[in-house]
$ cat upload-v1.pdb   # PDB, C-alpha atoms, pLDDT in the B column
ATOM      1  CA  ARG I  72      -7.343 -23.613   0.381  1.00 46.00           C
ATOM      2  CA  ARG I  73      -4.531 -24.387   2.799  1.00 46.00           C
ATOM      3  CA  GLY I  74      -1.036 -25.625   2.086  1.00 46.00           C
ATOM      4  CA  THR I  75       2.415 -24.483   1.072  1.00 43.00           C
ATOM      5  CA  SER I  76       2.109 -24.081  -2.698  1.00 43.00           C
ATOM      6  CA  ARG I  77       1.593 -20.716  -4.316  1.00 49.00           C
ATOM      7  CA  THR I  78       0.061 -19.514  -7.532  1.00 47.00           C
ATOM      8  CA  PRO I  79       1.720 -16.846  -9.703  1.00 44.00           C
ATOM      9  CA  ARG I  80       0.955 -13.336  -8.496  1.00 53.00           C
ATOM     10  CA  CYS I  81       1.707  -9.759  -9.336  1.00 54.00           C
ATOM     11  CA  ALA I  82       1.251 -10.317 -13.033  1.00 48.00           C
ATOM     12  CA  ARG I  83       1.680  -7.269 -15.189  1.00 50.00           C
ATOM     13  CA  ALA I  84      -1.594  -5.331 -15.369  1.00 50.00           C
ATOM     14  CA  PRO I  85      -2.837  -4.448 -18.864  1.00 48.00           C
ATOM     15  CA  GLN I  86      -3.024  -0.728 -19.563  1.00 48.00           C
ATOM     16  CA  ALA I  87      -6.784  -1.016 -20.081  1.00 46.00           C
ATOM     17  CA  ALA I  88      -7.150  -2.465 -16.579  1.00 49.00           C
ATOM     18  CA  LEU I  89      -5.085   0.360 -15.112  1.00 51.00           C
ATOM     19  CA  ALA I  90      -7.285   2.913 -16.825  1.00 54.00           C
ATOM     20  CA  ASP I  91     -10.523   1.244 -15.706  1.00 68.00           C
ATOM     21  CA  ARG I  92      -9.458   0.691 -12.095  1.00 79.00           C
ATOM     22  CA  PRO I  93     -11.654   2.500  -9.561  1.00 87.00           C
ATOM     23  CA  ALA I  94     -10.115   5.289  -7.524  1.00 90.00           C
ATOM     24  CA  ILE I  95      -9.009   4.154  -4.079  1.00 92.00           C
ATOM     25  CA  VAL I  96     -11.522   6.473  -2.372  1.00 93.00           C
ATOM     26  CA  ARG I  97     -14.269   4.617  -4.252  1.00 93.00           C
ATOM     27  CA  LEU I  98     -13.111   1.272  -2.881  1.00 94.00           C
ATOM     28  CA  LEU I  99     -12.974   2.257   0.788  1.00 95.00           C
ATOM     29  CA  PRO I 100     -16.125   2.238   2.939  1.00 93.00           C
ATOM     30  CA  LYS I 101     -17.927   5.482   3.661  1.00 93.00           C
ATOM     31  CA  GLU I 102     -17.075   5.304   7.377  1.00 92.00           C
ATOM     32  CA  THR I 103     -13.288   5.113   6.828  1.00 95.00           C
ATOM     33  CA  LEU I 104     -11.660   6.743   9.858  1.00 96.00           C
ATOM     34  CA  VAL I 105      -8.271   7.789   8.455  1.00 96.00           C
ATOM     35  CA  TYR I 106      -7.046   8.134   4.892  1.00 96.00           C
ATOM     36  CA  ALA I 107      -3.670   9.353   3.666  1.00 95.00           C
ATOM     37  CA  SER I 108      -2.367   9.181   0.116  1.00 93.00           C
ATOM     38  CA  VAL I 109       0.425  10.098  -2.250  1.00 89.00           C
ATOM     39  CA  ALA I 110      -0.838  10.735  -5.782  1.00 84.00           C
ATOM     40  CA  ASN I 111       2.358   9.680  -7.547  1.00 80.00           C
ATOM     41  CA  THR I 112       5.475   8.575  -5.699  1.00 76.00           C
ATOM     42  CA  LYS I 113       7.817   9.129  -8.628  1.00 75.00           C
ATOM     43  CA  GLU I 114       6.530  12.650  -9.192  1.00 77.00           C
ATOM     44  CA  LEU I 115       6.753  13.356  -5.456  1.00 68.00           C
ATOM     45  CA  VAL I 116      10.436  12.374  -5.471  1.00 69.00           C
ATOM     46  CA  GLN I 117      11.010  14.563  -8.523  1.00 71.00           C
ATOM     47  CA  ARG I 118       9.326  17.506  -6.857  1.00 70.00           C
ATOM     48  CA  PHE I 119      11.399  16.989  -3.724  1.00 64.00           C
ATOM     49  CA  GLN I 120      14.557  17.144  -5.824  1.00 68.00           C
ATOM     50  CA  GLU I 121      13.384  20.529  -7.104  1.00 72.00           C
ATOM     51  CA  THR I 122      12.987  21.975  -3.601  1.00 76.00           C
ATOM     52  CA  GLY I 123      15.722  23.975  -1.934  1.00 74.00           C
ATOM     53  CA  PHE I 124      16.711  21.053   0.273  1.00 68.00           C
ATOM     54  CA  GLY I 125      16.676  18.631  -2.651  1.00 67.00           C
ATOM     55  CA  GLN I 126      18.892  20.928  -4.706  1.00 73.00           C
ATOM     56  CA  MET I 127      21.218  21.356  -1.729  1.00 73.00           C
ATOM     57  CA  LEU I 128      21.801  17.590  -1.709  1.00 69.00           C
ATOM     58  CA  GLN I 129      23.036  17.897  -5.302  1.00 74.00           C
ATOM     59  CA  GLU I 130      25.659  20.520  -4.423  1.00 78.00           C
ATOM     60  CA  PRO I 131      29.263  19.362  -5.096  1.00 79.00           C
ATOM     61  CA  GLN I 132      30.124  19.818  -1.408  1.00 75.00           C
ATOM     62  CA  ILE I 133      27.133  17.803  -0.152  1.00 76.00           C
ATOM     63  CA  LYS I 134      26.500  15.162  -2.806  1.00 75.00           C
ATOM     64  CA  PRO I 135      29.618  13.017  -2.021  1.00 77.00           C
ATOM     65  CA  LEU I 136      28.633  12.914   1.669  1.00 77.00           C
ATOM     66  CA  PHE I 137      25.086  11.892   0.811  1.00 66.00           C
ATOM     67  CA  GLN I 138      26.371   9.196  -1.555  1.00 73.00           C
ATOM     68  CA  GLN I 139      28.703   7.912   1.147  1.00 77.00           C
ATOM     69  CA  LEU I 140      25.843   7.678   3.662  1.00 78.00           C
ATOM     70  CA  TYR I 141      23.713   5.837   1.119  1.00 62.00           C
ATOM     71  CA  GLY I 142      26.612   3.513   0.330  1.00 74.00           C
ATOM     72  CA  ASN I 143      27.027   2.749   4.038  1.00 74.00           C
ATOM     73  CA  LEU I 144      23.309   1.982   4.275  1.00 70.00           C
ATOM     74  CA  ARG I 145      23.556  -0.425   1.349  1.00 65.00           C
ATOM     75  CA  SER I 146      26.504  -2.156   2.990  1.00 75.00           C
ATOM     76  CA  GLU I 147      24.585  -2.535   6.243  1.00 68.00           C
ATOM     77  CA  MET I 148      21.619  -3.998   4.360  1.00 63.00           C
ATOM     78  CA  ALA I 149      23.650  -6.390   2.219  1.00 69.00           C
ATOM     79  CA  GLY I 150      22.587  -9.372   4.308  1.00 69.00           C
ATOM     80  CA  LEU I 151      18.934  -8.357   4.144  1.00 63.00           C
ATOM     81  CA  GLU I 152      19.160  -7.869   0.385  1.00 66.00           C
ATOM     82  CA  GLU I 153      20.515 -11.391   0.016  1.00 70.00           C
ATOM     83  CA  ARG I 154      17.726 -12.851   2.151  1.00 68.00           C
ATOM     84  CA  LEU I 155      14.993 -10.972   0.304  1.00 67.00           C
ATOM     85  CA  GLY I 156      16.426 -11.510  -3.156  1.00 70.00           C
ATOM     86  CA  VAL I 157      16.049  -7.830  -4.074  1.00 71.00           C
ATOM     87  CA  THR I 158      18.364  -4.851  -3.747  1.00 71.00           C
ATOM     88  CA  LEU I 159      17.755  -1.680  -1.757  1.00 71.00           C
ATOM     89  CA  ASP I 160      17.382   0.244  -5.014  1.00 71.00           C
ATOM     90  CA  GLU I 161      14.688  -2.191  -6.165  1.00 71.00           C
ATOM     91  CA  MET I 162      12.830  -1.892  -2.871  1.00 70.00           C
ATOM     92  CA  LEU I 163      12.878   1.913  -3.032  1.00 71.00           C
ATOM     93  CA  ALA I 164      11.616   1.784  -6.617  1.00 71.00           C
ATOM     94  CA  LEU I 165       8.742  -0.573  -5.741  1.00 74.00           C
ATOM     95  CA  PRO I 166       6.088   2.175  -5.319  1.00 75.00           C
ATOM     96  CA  SER I 167       5.588   3.222  -8.947  1.00 74.00           C
ATOM     97  CA  GLY I 168       2.491   5.376  -8.687  1.00 83.00           C
ATOM     98  CA  ALA I 169      -0.092   6.093  -6.042  1.00 87.00           C
ATOM     99  CA  MET I 170       0.202   4.974  -2.428  1.00 91.00           C
ATOM    100  CA  ALA I 171      -2.445   5.127   0.270  1.00 94.00           C
ATOM    101  CA  VAL I 172      -3.124   3.908   3.778  1.00 96.00           C
ATOM    102  CA  ALA I 173      -6.473   3.785   5.560  1.00 97.00           C
ATOM    103  CA  VAL I 174      -7.855   2.916   8.977  1.00 96.00           C
ATOM    104  CA  ILE I 175     -11.238   1.197   8.913  1.00 94.00           C
ATOM    105  CA  LYS I 176     -13.581   0.043  11.670  1.00 90.00           C
ATOM    106  CA  PRO I 177     -15.265  -3.145  10.422  1.00 88.00           C
ATOM    107  CA  GLU I 178     -18.663  -4.210  11.714  1.00 83.00           C
ATOM    108  CA  GLU I 179     -16.973  -6.767  13.933  1.00 82.00           C
ATOM    109  CA  GLY I 180     -13.536  -6.747  15.512  1.00 82.00           C
ATOM    110  CA  PRO I 181     -10.933  -4.050  16.086  1.00 87.00           C
ATOM    111  CA  VAL I 182      -9.918  -1.299  13.695  1.00 91.00           C
ATOM    112  CA  SER I 183      -8.180  -2.511  10.560  1.00 93.00           C
ATOM    113  CA  LEU I 184      -5.249  -1.082   8.639  1.00 95.00           C
ATOM    114  CA  VAL I 185      -5.225  -1.243   4.830  1.00 96.00           C
ATOM    115  CA  GLY I 186      -2.423  -0.190   2.476  1.00 95.00           C
ATOM    116  CA  PHE I 187      -2.423   0.303  -1.298  1.00 95.00           C
ATOM    117  CA  ILE I 188       0.764   0.383  -3.401  1.00 91.00           C
ATOM    118  CA  GLU I 189       0.813   0.812  -7.158  1.00 90.00           C
ATOM    119  CA  VAL I 190       3.650  -1.429  -8.319  1.00 85.00           C
ATOM    120  CA  GLN I 191       2.993  -1.182 -12.091  1.00 74.00           C
ATOM    121  CA  ASP I 192       6.242  -2.136 -13.879  1.00 73.00           C
ATOM    122  CA  GLN I 193       7.858  -3.245 -10.582  1.00 77.00           C
ATOM    123  CA  TYR I 194       5.666  -6.349 -10.362  1.00 75.00           C
ATOM    124  CA  VAL I 195       8.710  -8.668 -10.507  1.00 78.00           C
ATOM    125  CA  THR I 196      10.177  -7.079  -7.377  1.00 80.00           C
ATOM    126  CA  ALA I 197       6.806  -7.273  -5.642  1.00 79.00           C
ATOM    127  CA  LYS I 198       6.505 -10.967  -6.472  1.00 80.00           C
ATOM    128  CA  LYS I 199       9.988 -11.676  -5.109  1.00 80.00           C
ATOM    129  CA  LEU I 200       9.121  -9.980  -1.820  1.00 81.00           C
ATOM    130  CA  LEU I 201       5.795 -11.806  -1.510  1.00 79.00           C
ATOM    131  CA  ASP I 202       7.408 -15.150  -2.252  1.00 81.00           C
ATOM    132  CA  ARG I 203      10.077 -14.469   0.363  1.00 81.00           C
ATOM    133  CA  LEU I 204       7.383 -13.488   2.868  1.00 80.00           C
ATOM    134  CA  ASP I 205       5.630 -16.793   2.181  1.00 80.00           C
ATOM    135  CA  MET I 206       8.822 -18.759   2.781  1.00 80.00           C
ATOM    136  CA  GLU I 207       9.780 -16.909   5.968  1.00 78.00           C
ATOM    137  CA  LEU I 208       6.351 -17.301   7.580  1.00 80.00           C
ATOM    138  CA  ALA I 209       6.080 -20.925   6.457  1.00 79.00           C
ATOM    139  CA  THR I 210       9.354 -21.754   8.203  1.00 81.00           C
ATOM    140  CA  ARG I 211       7.960 -20.179  11.372  1.00 81.00           C
ATOM    141  CA  GLY I 212       4.908 -22.417  11.199  1.00 81.00           C
ATOM    142  CA  VAL I 213       2.417 -19.593  10.646  1.00 83.00           C
ATOM    143  CA  GLU I 214      -0.878 -20.908   9.319  1.00 82.00           C
ATOM    144  CA  PHE I 215      -1.977 -19.515   5.993  1.00 82.00           C
ATOM    145  CA  ALA I 216      -4.820 -19.934   3.548  1.00 85.00           C
ATOM    146  CA  GLU I 217      -5.866 -18.652   0.147  1.00 88.00           C
ATOM    147  CA  GLU I 218      -9.398 -17.641  -0.778  1.00 90.00           C
ATOM    148  CA  GLN I 219     -10.770 -16.805  -4.184  1.00 91.00           C
ATOM    149  CA  VAL I 220     -12.975 -13.705  -4.431  1.00 89.00           C
ATOM    150  CA  GLY I 221     -14.200 -13.331  -7.989  1.00 86.00           C
ATOM    151  CA  GLU I 222     -11.101 -13.456 -10.158  1.00 87.00           C
ATOM    152  CA  THR I 223      -8.743 -12.372  -7.377  1.00 92.00           C
ATOM    153  CA  ARG I 224      -7.004 -14.601  -4.856  1.00 91.00           C
ATOM    154  CA  ILE I 225      -6.401 -13.352  -1.332  1.00 92.00           C
ATOM    155  CA  THR I 226      -3.578 -14.852   0.714  1.00 89.00           C
ATOM    156  CA  TYR I 227      -3.833 -14.456   4.455  1.00 87.00           C
ATOM    157  CA  TYR I 228      -1.887 -15.500   7.540  1.00 88.00           C
ATOM    158  CA  GLN I 229      -3.402 -16.161  10.913  1.00 85.00           C
ATOM    159  CA  PHE I 230      -1.217 -15.252  13.875  1.00 84.00           C
ATOM    160  CA  ARG I 231      -2.348 -15.665  17.470  1.00 79.00           C
ATOM    161  CA  ARG I 232      -4.289 -12.421  17.625  1.00 79.00           C
ATOM    162  CA  GLN I 233      -3.573 -10.807  14.280  1.00 84.00           C
ATOM    163  CA  GLN I 234      -4.148 -11.404  10.605  1.00 86.00           C
ATOM    164  CA  LEU I 235      -2.109 -10.375   7.598  1.00 89.00           C
ATOM    165  CA  ALA I 236      -3.817 -10.562   4.221  1.00 92.00           C
ATOM    166  CA  TYR I 237      -2.933  -9.323   0.769  1.00 92.00           C
ATOM    167  CA  PHE I 238      -3.842  -9.506  -2.889  1.00 92.00           C
ATOM    168  CA  ASP I 239      -2.725  -7.861  -6.095  1.00 89.00           C
ATOM    169  CA  ARG I 240      -4.980  -6.620  -8.840  1.00 91.00           C
ATOM    170  CA  ASP I 241      -4.614  -4.282 -11.808  1.00 88.00           C
ATOM    171  CA  GLY I 242      -1.062  -3.340 -10.831  1.00 87.00           C
ATOM    172  CA  VAL I 243      -1.949  -2.567  -7.198  1.00 91.00           C
ATOM    173  CA  LEU I 244      -0.722  -4.482  -4.158  1.00 91.00           C
ATOM    174  CA  VAL I 245      -3.259  -4.305  -1.312  1.00 94.00           C
ATOM    175  CA  LEU I 246      -2.352  -5.374   2.226  1.00 93.00           C
ATOM    176  CA  GLY I 247      -4.500  -5.403   5.327  1.00 94.00           C
ATOM    177  CA  SER I 248      -4.909  -6.672   8.869  1.00 93.00           C
ATOM    178  CA  ASN I 249      -8.440  -8.008   8.359  1.00 91.00           C
ATOM    179  CA  MET I 250      -9.449 -10.599   5.782  1.00 91.00           C
ATOM    180  CA  GLY I 251     -13.085  -9.494   5.809  1.00 91.00           C
ATOM    181  CA  VAL I 252     -12.177  -5.908   4.982  1.00 93.00           C
ATOM    182  CA  LEU I 253     -10.153  -7.003   1.938  1.00 94.00           C
ATOM    183  CA  LYS I 254     -13.033  -9.177   0.745  1.00 92.00           C
ATOM    184  CA  ASP I 255     -15.363  -6.168   0.994  1.00 92.00           C
ATOM    185  CA  LEU I 256     -12.882  -4.094  -1.028  1.00 93.00           C
ATOM    186  CA  LEU I 257     -12.879  -6.696  -3.784  1.00 93.00           C
ATOM    187  CA  THR I 258     -16.672  -6.864  -3.794  1.00 91.00           C
ATOM    188  CA  THR I 259     -16.764  -3.108  -4.347  1.00 91.00           C
ATOM    189  CA  TRP I 260     -13.981  -3.399  -6.934  1.00 91.00           C
ATOM    190  CA  ASP I 261     -16.101  -5.900  -8.851  1.00 88.00           C
ATOM    191  CA  GLY I 262     -18.971  -3.428  -9.055  1.00 85.00           C
ATOM    192  CA  GLY I 263     -20.869  -4.237  -5.897  1.00 77.00           C
ATOM    193  CA  LYS I 264     -22.967  -1.168  -5.128  1.00 70.00           C
ATOM    194  CA  LYS I 265     -21.955   0.276  -1.801  1.00 79.00           C
ATOM    195  CA  GLU I 266     -21.476   3.750  -0.385  1.00 88.00           C
ATOM    196  CA  CYS I 267     -17.802   4.660  -0.422  1.00 92.00           C
ATOM    197  CA  LEU I 268     -15.470   7.177   1.160  1.00 94.00           C
ATOM    198  CA  ALA I 269     -16.017   9.546  -1.767  1.00 92.00           C
ATOM    199  CA  ASP I 270     -19.678   9.732  -0.679  1.00 93.00           C
ATOM    200  CA  ASN I 271     -18.734  10.855   2.826  1.00 94.00           C
ATOM    201  CA  ARG I 272     -19.751  14.526   3.092  1.00 93.00           C
ATOM    202  CA  SER I 273     -16.983  15.438   5.554  1.00 93.00           C
ATOM    203  CA  PHE I 274     -14.355  13.770   3.390  1.00 93.00           C
ATOM    204  CA  ALA I 275     -15.683  15.457   0.239  1.00 91.00           C
ATOM    205  CA  THR I 276     -15.525  18.854   1.958  1.00 91.00           C
ATOM    206  CA  VAL I 277     -11.888  18.355   2.953  1.00 90.00           C
ATOM    207  CA  GLN I 278     -10.964  17.019  -0.484  1.00 86.00           C
ATOM    208  CA  SER I 279     -12.628  19.946  -2.270  1.00 85.00           C
ATOM    209  CA  LYS I 280     -10.384  22.359  -0.373  1.00 83.00           C
ATOM    210  CA  CYS I 281      -7.223  20.477  -1.342  1.00 79.00           C
ATOM    211  CA  ARG I 282      -7.595  20.061  -5.086  1.00 71.00           C
ATOM    212  CA  GLY I 283      -4.905  22.597  -6.012  1.00 65.00           C
ATOM    213  CA  ASP I 284      -4.563  23.796  -9.593  1.00 64.00           C
ATOM    214  CA  ALA I 285      -5.349  21.753 -12.691  1.00 59.00           C
ATOM    215  CA  ASP I 286      -1.668  21.896 -13.699  1.00 63.00           C
ATOM    216  CA  ASP I 287      -0.360  21.398 -10.180  1.00 65.00           C
ATOM    217  CA  PRO I 288      -2.542  18.983  -8.152  1.00 65.00           C
ATOM    218  CA  PRO I 289      -1.482  18.193  -4.564  1.00 74.00           C
ATOM    219  CA  GLN I 290       0.798  15.197  -4.239  1.00 80.00           C
ATOM    220  CA  MET I 291      -0.120  14.419  -0.634  1.00 85.00           C
ATOM    221  CA  PHE I 292      -3.509  14.343   1.044  1.00 90.00           C
ATOM    222  CA  TRP I 293      -4.845  13.167   4.385  1.00 91.00           C
ATOM    223  CA  TYR I 294      -8.180  13.008   6.149  1.00 94.00           C
ATOM    224  CA  ALA I 295      -9.194  11.879   9.630  1.00 94.00           C
ATOM    225  CA  ASP I 296     -12.524  11.414  11.347  1.00 93.00           C
ATOM    226  CA  ARG I 297     -11.111  12.235  14.778  1.00 91.00           C
ATOM    227  CA  LEU I 298     -14.327  11.703  16.710  1.00 91.00           C
ATOM    228  CA  GLY I 299     -15.009   8.421  14.944  1.00 91.00           C
ATOM    229  CA  LEU I 300     -11.432   7.292  15.588  1.00 89.00           C
ATOM    230  CA  VAL I 301     -11.753   8.007  19.320  1.00 90.00           C
ATOM    231  CA  ARG I 302     -15.038   6.112  19.473  1.00 88.00           C
ATOM    232  CA  ALA I 303     -13.467   3.145  17.688  1.00 88.00           C
ATOM    233  CA  LEU I 304     -10.385   3.017  19.886  1.00 84.00           C
ATOM    234  CA  VAL I 305     -11.889   3.824  23.278  1.00 82.00           C
ATOM    235  CA  PRO I 306     -14.277   1.227  24.714  1.00 70.00           C
ATOM    236  CA  ALA I 307     -17.735   2.563  25.508  1.00 62.00           C
TER     237      ALA I 307
END
$ encode --input "upload-v1.pdb" --output "structure tokens"
Amino acid sequence: RRGTSRTPRCARAPQAALADRPAIVRLLPKETLVYASVANTKELVQRFQETGFGQMLQEPQIKPLFQQLYGNLRSEMAGLEERLGVTLDEMLALPSGAMAVAVIKPEEGPVSLVGFIEVQDQYVTAKKLLDRLDMELATRGVEFAEEQVGETRITYYQFRRQQLAYFDRDGVLVLGSNMGVLKDLLTTWDGGKKECLADNRSFATVQSKCRGDADDPPQMFWYADRLGLVRALVPA
């Protein structure tokens, strides 16, 4: 469906949906080339504040300087905040849980980038940003379309040589540079049986060595199929 109207998005996800949502590594294809994730952005920030550097920023001699720098940044971004309709604080608070980025080589076309952001209770901010993105690209004459995949609607923009597509589901905002890849993700999300990144033996080996303790799991994780990435990027 093509046009300029939009349907409501980023609705609050029920807690049951959040609990039943598949893990990101079970949505990505088995041949994913690069995967990097943050388990919980809020907890990561809290842990950073507990580090030596984080505590140093709270020292009476340092904290006023840090606050002044942040205040200057807010002043510089005042115009951008007005255009976007959200404040810098709201933008920084947008990631409310897990975040991940992946590089995928689809069957056809160049490598694709996919990002996952758990917005959870920040869905209002996410909707404001998406609506503003729609308006900005519409004024530039960028062609867009919306496609329904199951119960989820994907919005995508077609530039000269690039695509930008996104959807939100169960409190997660998913963005990508390939419409087909996002459709495959939704098919898997809906229960379509397909081998996933969690089934990749190399990935599983790396993940098993990075599990940490039960009470202290790692907050950051990354994996790369270096040989596969070279093959995907370098023409044969």
$ residues_around --input "upload-v1.pdb" --residues "Gly262 (chain I)" --least-positions-apart "3" --cutoff "12 Å" --atoms "only C-alpha atoms" --output "PyMOL selection string"
chain I and resi 91-93+97-98+221+255-259+265-267
$ resolve_selection --input "upload-v1.pdb" --expression "the PyMOL selection byres ((chain I and resi 164-178) around 7)" --output "VMD selection string"
chain I and resid 103 to 113 160 to 163 179 to 191 193 196 to 197 252 303
$ atom_distance --input "upload-v1.pdb" --atom1 "CA of Gln138 (chain I)" --atom2 "CA of Val157 (chain I)"
20.1 Å
$ closest_residue --input "upload-v1.pdb" --among "I:Arg118, I:Arg240, I:Lys134, I:Arg282" --to "Val220 (chain I)" --atoms "only C-alpha atoms"
I:Arg240
$ resolve_selection --input "upload-v1.pdb" --expression "the PyMOL selection byres ((chain I and resi 205) around 12)" --output "count of residues only"
31
$ atom_distance --input "upload-v1.pdb" --atom1 "CA of Leu99 (chain I)" --atom2 "CA of Gln229 (chain I)"
23.1 Å
$ atom_distance --input "upload-v1.pdb" --atom1 "CA of Tyr194 (chain I)" --atom2 "CA of Val243 (chain I)"
9.1 Å
$ closest_residue --input "upload-v1.pdb" --among "I:Ser248, I:Gln278, I:Leu253, I:Pro131" --to "Arg232 (chain I)" --atoms "all atoms listed in the file"
I:Ser248
